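J.: Structure file upload_16.pdb (PDB, C-alpha atoms) right here:
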ATOM      1  CA  MET A   1      52.671  47.772  57.675  1.00  0.00           C
ATOM      2  CA  ASN A   2      49.273  48.236  56.037  1.00  0.00           C
ATOM      3  CA  ALA A   3      48.891  45.609  53.282  1.00  0.00           C
ATOM      4  CA  THR A   4      45.480  46.745  52.022  1.00  0.00           C
ATOM      5  CA  ASN A   5      44.999  49.779  49.853  1.00  0.00           C
ATOM      6  CA  THR A   6      42.046  52.055  50.221  1.00  0.00           C
ATOM      7  CA  PRO A   7      40.704  54.429  47.584  1.00  0.00           C
ATOM      8  CA  MET A   8      42.037  57.339  49.662  1.00  0.00           C
ATOM      9  CA  ASP A   9      45.587  56.086  49.022  1.00  0.00           C
ATOM     10  CA  TYR A  10      45.125  56.972  45.347  1.00  0.00           C
ATOM     11  CA  LEU A  11      43.793  60.479  45.983  1.00  0.00           C
ATOM     12  CA  PRO A  12      47.167  62.235  45.423  1.00  0.00           C
ATOM     13  CA  ILE A  13      47.564  60.493  42.048  1.00  0.00           C
ATOM     14  CA  VAL A  14      44.035  61.430  40.980  1.00  0.00           C
ATOM     15  CA  MET A  15      44.610  65.014  42.076  1.00  0.00           C
ATOM     16  CA  MET A  16      47.891  65.170  40.123  1.00  0.00           C
ATOM     17  CA  PHE A  17      46.117  63.984  36.955  1.00  0.00           C
ATOM     18  CA  LEU A  18      43.292  66.481  37.493  1.00  0.00           C
ATOM     19  CA  VAL A  19      45.729  69.366  37.968  1.00  0.00           C
ATOM     20  CA  ALA A  20      47.749  68.316  34.905  1.00  0.00           C
ATOM     21  CA  PHE A  21      44.625  67.948  32.747  1.00  0.00           C
ATOM     22  CA  GLY A  22      43.245  71.247  34.054  1.00  0.00           C
ATOM     23  CA  PHE A  23      46.505  73.025  33.274  1.00  0.00           C
ATOM     24  CA  VAL A  24      46.606  71.657  29.723  1.00  0.00           C
ATOM     25  CA  ALA A  25      42.924  72.398  29.056  1.00  0.00           C
ATOM     26  CA  THR A  26      43.182  75.921  30.495  1.00  0.00           C
ATOM     27  CA  THR A  27      46.362  76.708  28.573  1.00  0.00           C
ATOM     28  CA  MET A  28      44.924  75.466  25.282  1.00  0.00           C
ATOM     29  CA  PHE A  29      41.659  77.346  25.801  1.00  0.00           C
ATOM     30  CA  LEU A  30      43.388  80.620  26.700  1.00  0.00           C
ATOM     31  CA  THR A  31      45.865  80.460  23.835  1.00  0.00           C
ATOM     32  CA  HIS A  32      43.071  79.905  21.329  1.00  0.00           C
ATOM     33  CA  LYS A  33      40.918  82.699  22.763  1.00  0.00           C
ATOM     34  CA  LEU A  34      43.605  85.291  23.485  1.00  0.00           C
ATOM     35  CA  GLY A  35      46.067  84.560  20.685  1.00  0.00           C
ATOM     36  CA  PRO A  36      46.176  86.446  17.377  1.00  0.00           C
ATOM     37  CA  LYS A  37      43.926  85.172  14.634  1.00  0.00           C
ATOM     38  CA  ARG A  38      45.496  86.847  11.592  1.00  0.00           C
ATOM     39  CA  LYS A  39      46.125  84.389   8.787  1.00  0.00           C
ATOM     40  CA  THR A  40      48.334  85.725   6.054  1.00  0.00           C
ATOM     41  CA  LYS A  41      49.894  84.032   3.059  1.00  0.00           C
ATOM     42  CA  ILE A  42      53.336  84.223   4.662  1.00  0.00           C
ATOM     43  CA  LYS A  43      52.118  82.643   7.921  1.00  0.00           C
ATOM     44  CA  LEU A  44      50.463  79.765   6.086  1.00  0.00           C
ATOM     45  CA  GLU A  45      53.623  78.915   4.114  1.00  0.00           C
ATOM     46  CA  SER A  46      55.607  75.887   5.222  1.00  0.00           C
ATOM     47  CA  PHE A  47      58.850  76.840   6.943  1.00  0.00           C
ATOM     48  CA  GLU A  48      61.819  74.721   7.839  1.00  0.00           C
ATOM     49  CA  CYS A  49      65.267  75.860   8.956  1.00  0.00           C
ATOM     50  CA  GLY A  50      65.095  79.170   7.138  1.00  0.00           C
ATOM     51  CA  ILE A  51      65.157  77.506   3.729  1.00  0.00           C
ATOM     52  CA  HIS A  52      62.467  78.605   1.329  1.00  0.00           C
ATOM     53  CA  SER A  53      60.275  75.718   0.305  1.00  0.00           C
ATOM     54  CA  GLU A  54      60.043  74.662  -3.295  1.00  0.00           C
ATOM     55  CA  GLY A  55      56.920  73.047  -4.624  1.00  0.00           C
ATOM     56  CA  ASN A  56      54.082  71.568  -2.621  1.00  0.00           C
ATOM     57  CA  ALA A  57      54.827  70.691   0.995  1.00  0.00           C
ATOM     58  CA  ARG A  58      52.131  68.004   0.936  1.00  0.00           C
ATOM     59  CA  LEU A  59      53.957  65.627  -1.403  1.00  0.00           C
ATOM     60  CA  PRO A  60      53.971  62.049  -0.081  1.00  0.00           C
ATOM     61  CA  PHE A  61      57.156  60.481   1.264  1.00  0.00           C
ATOM     62  CA  SER A  62      58.582  57.332  -0.196  1.00  0.00           C
ATOM     63  CA  VAL A  63      57.468  54.100   1.449  1.00  0.00           C
ATOM     64  CA  LYS A  64      61.158  53.211   1.876  1.00  0.00           C
ATOM     65  CA  TYR A  65      61.530  56.085   4.327  1.00  0.00           C
ATOM     66  CA  PHE A  66      58.718  54.775   6.532  1.00  0.00           C
ATOM     67  CA  LEU A  67      59.975  51.199   6.261  1.00  0.00           C
ATOM     68  CA  VAL A  68      63.452  52.153   7.455  1.00  0.00           C
ATOM     69  CA  ALA A  69      61.971  54.279  10.260  1.00  0.00           C
ATOM     70  CA  ILE A  70      59.743  51.424  11.460  1.00  0.00           C
ATOM     71  CA  LEU A  71      62.608  48.920  11.283  1.00  0.00           C
ATOM     72  CA  PHE A  72      64.833  51.277  13.257  1.00  0.00           C
ATOM     73  CA  VAL A  73      62.203  51.600  15.983  1.00  0.00           C
ATOM     74  CA  LEU A  74      61.655  47.837  16.002  1.00  0.00           C
ATOM     75  CA  PHE A  75      65.324  46.963  16.479  1.00  0.00           C
ATOM     76  CA  ASP A  76      65.880  49.870  18.848  1.00  0.00           C
ATOM     77  CA  VAL A  77      63.074  48.692  21.127  1.00  0.00           C
ATOM     78  CA  GLU A  78      64.358  45.110  21.013  1.00  0.00           C
ATOM     79  CA  VAL A  79      67.707  46.270  22.399  1.00  0.00           C
ATOM     80  CA  ILE A  80      65.878  47.798  25.370  1.00  0.00           C
ATOM     81  CA  PHE A  81      64.797  44.289  26.392  1.00  0.00           C
ATOM     82  CA  MET A  82      68.453  43.388  26.949  1.00  0.00           C
ATOM     83  CA  TYR A  83      68.937  45.915  29.773  1.00  0.00           C
ATOM     84  CA  PRO A  84      67.020  43.935  32.433  1.00  0.00           C
ATOM     85  CA  TRP A  85      69.032  40.867  31.477  1.00  0.00           C
ATOM     86  CA  ALA A  86      72.293  42.818  31.774  1.00  0.00           C
ATOM     87  CA  VAL A  87      71.319  44.022  35.247  1.00  0.00           C
ATOM     88  CA  ASN A  88      70.317  40.547  36.495  1.00  0.00           C
ATOM     89  CA  PHE A  89      72.529  38.230  34.464  1.00  0.00           C
ATOM     90  CA  LYS A  90      74.296  36.772  37.541  1.00  0.00           C
ATOM     91  CA  ASP A  91      70.977  35.912  39.188  1.00  0.00           C
ATOM     92  CA  LEU A  92      69.551  34.349  36.015  1.00  0.00           C
ATOM     93  CA  GLY A  93      72.404  31.887  35.574  1.00  0.00           C
ATOM     94  CA  LEU A  94      72.697  29.540  32.618  1.00  0.00           C
ATOM     95  CA  PRO A  95      68.972  29.560  31.700  1.00  0.00           C
ATOM     96  CA  GLY A  96      69.100  33.346  31.432  1.00  0.00           C
ATOM     97  CA  ILE A  97      72.148  33.209  29.162  1.00  0.00           C
ATOM     98  CA  ILE A  98      70.468  30.621  26.934  1.00  0.00           C
ATOM     99  CA  GLU A  99      67.318  32.723  26.714  1.00  0.00           C
ATOM    100  CA  VAL A 100      69.123  35.965  25.843  1.00  0.00           C
ATOM    101  CA  PHE A 101      71.272  34.266  23.215  1.00  0.00           C
ATOM    102  CA  SER A 102      68.186  32.679  21.657  1.00  0.00           C
ATOM    103  CA  PHE A 103      66.615  36.171  21.673  1.00  0.00           C
ATOM    104  CA  ILE A 104      69.693  37.645  19.948  1.00  0.00           C
ATOM    105  CA  ILE A 105      69.747  34.814  17.402  1.00  0.00           C
ATOM    106  CA  LEU A 106      66.073  35.446  16.625  1.00  0.00           C
ATOM    107  CA  LEU A 107      66.845  39.151  16.141  1.00  0.00           C
ATOM    108  CA  LEU A 108      69.736  38.329  13.816  1.00  0.00           C
ATOM    109  CA  VAL A 109      67.549  35.954  11.786  1.00  0.00           C
ATOM    110  CA  GLY A 110      65.023  38.771  11.345  1.00  0.00           C
ATOM    111  CA  PHE A 111      67.790  41.212  10.416  1.00  0.00           C
ATOM    112  CA  TYR A 112      69.293  38.868   7.821  1.00  0.00           C
ATOM    113  CA  TYR A 113      65.797  38.296   6.427  1.00  0.00           C
ATOM    114  CA  LEU A 114      65.501  42.070   5.942  1.00  0.00           C
ATOM    115  CA  LEU A 115      68.876  42.130   4.209  1.00  0.00           C
ATOM    116  CA  ALA A 116      67.870  39.227   1.944  1.00  0.00           C
ATOM    117  CA  LYS A 117      64.637  41.016   0.987  1.00  0.00           C
ATOM    118  CA  LYS A 118      66.668  44.225   0.384  1.00  0.00           C
ATOM    119  CA  ALA A 119      64.355  46.182   2.666  1.00  0.00           C
ATOM    120  CA  LEU A 120      67.126  48.588   3.660  1.00  0.00           C
ATOM    121  CA  ARG A 121      68.259  49.449   0.122  1.00  0.00           C
ATOM    122  CA  TRP A 122      67.464  53.058  -0.849  1.00  0.00           C
ATOM    123  CA  GLU A 123      68.073  52.622  -4.560  1.00  0.00           C
ATOM    124  CA  ASP A 124      65.404  50.924  -6.721  1.00  0.00           C
TER
END
For this file, produce the structure as structure tokens.
T.:
Amino acid sequence: MNATNTPMDYLPIVMMFLVAFGFVATTMFLTHKLGPKRKTKIKLESFECGIHSEGNARLPFSVKYFLVAILFVLFDVEVIFMYPWAVNFKDLGLPGIIEVFSFIILLLVGFYYLLAKKALRWED
């Protein structure tokens, strides 16, 4: 078996990226050149789910919304780190169990800190 890699081994990957980039660039160019360019008041209105918008669509969101969204992503991503442990928990033995439980405890400490700071409370 050949243990050394040559630059030619990466040629299919480079070609795939070139084709993908070329497709995206060509599609974007053609849609901007060939597509309609009529801007009317109705087309420039914000539209969501068939409900007519009221007021300005550019009003800022509450910081609480972004905080909850970021915290959700944070704890969601942390759970992903448990999948490799679940797949290999027999091979990891007692040190692996200790490490994952310390990881879970650290997550719970962070979660209880968020609850103590009332970061997840919508009212206020």
J.: When you look at segment 117-124 of chain A with a cut-off of 9 Å (counting all atoms listed in the file), what residues show up, excluding the ones that are within fewer than 6 positions of it in the same chain? I need them as a list of chain:residue names.
T.: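 Those residues are A:Lys64, A:Tyr65, A:Leu67, A:Val68, A:Leu71.
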J.: In Å, with one decimal, what is the gap from atom CA of Met82 of chain A to atom CA of Val109 of chain A?
T.: 16.9 Å
J.: Quick one: residues within 10 Å of Phe75 of chain A, all atoms listed in the file counted, chain neighbours fewer than 6 positions away excluded, as a list in words?
T.: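 Here the answer would be Leu107, Gly110 and Phe111 of chain A.
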J.: Compare A:Ile13, A:Ala20, A:Ala25, A:Val100 by their minimum atom-to-atom distance to Pro84 of chain A, counting all atoms listed in the file, and give me the closest one.
T.: A:Val100
J.: With distances taken over all atoms listed in the file, which residue among A:Val24, A:Met8, A:Ala116, A:Leu108 lies nearest Val79 of chain A?
T.: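 Looking only at the distances to Val79 of chain A, the closest residue turns out to be A:Leu108.
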J.: Interatomic distance between atom CA of Ile105 of chain A and atom CA of Gly93 of chain A?
T.: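 Computing it gives 18.6 Å between the two atoms.
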J.: Can you work out the spacing between atom CA of Phe81 of chain A and atom CA of Ile104 of chain A in Å, to one decimal?
T.: 10.5 Å
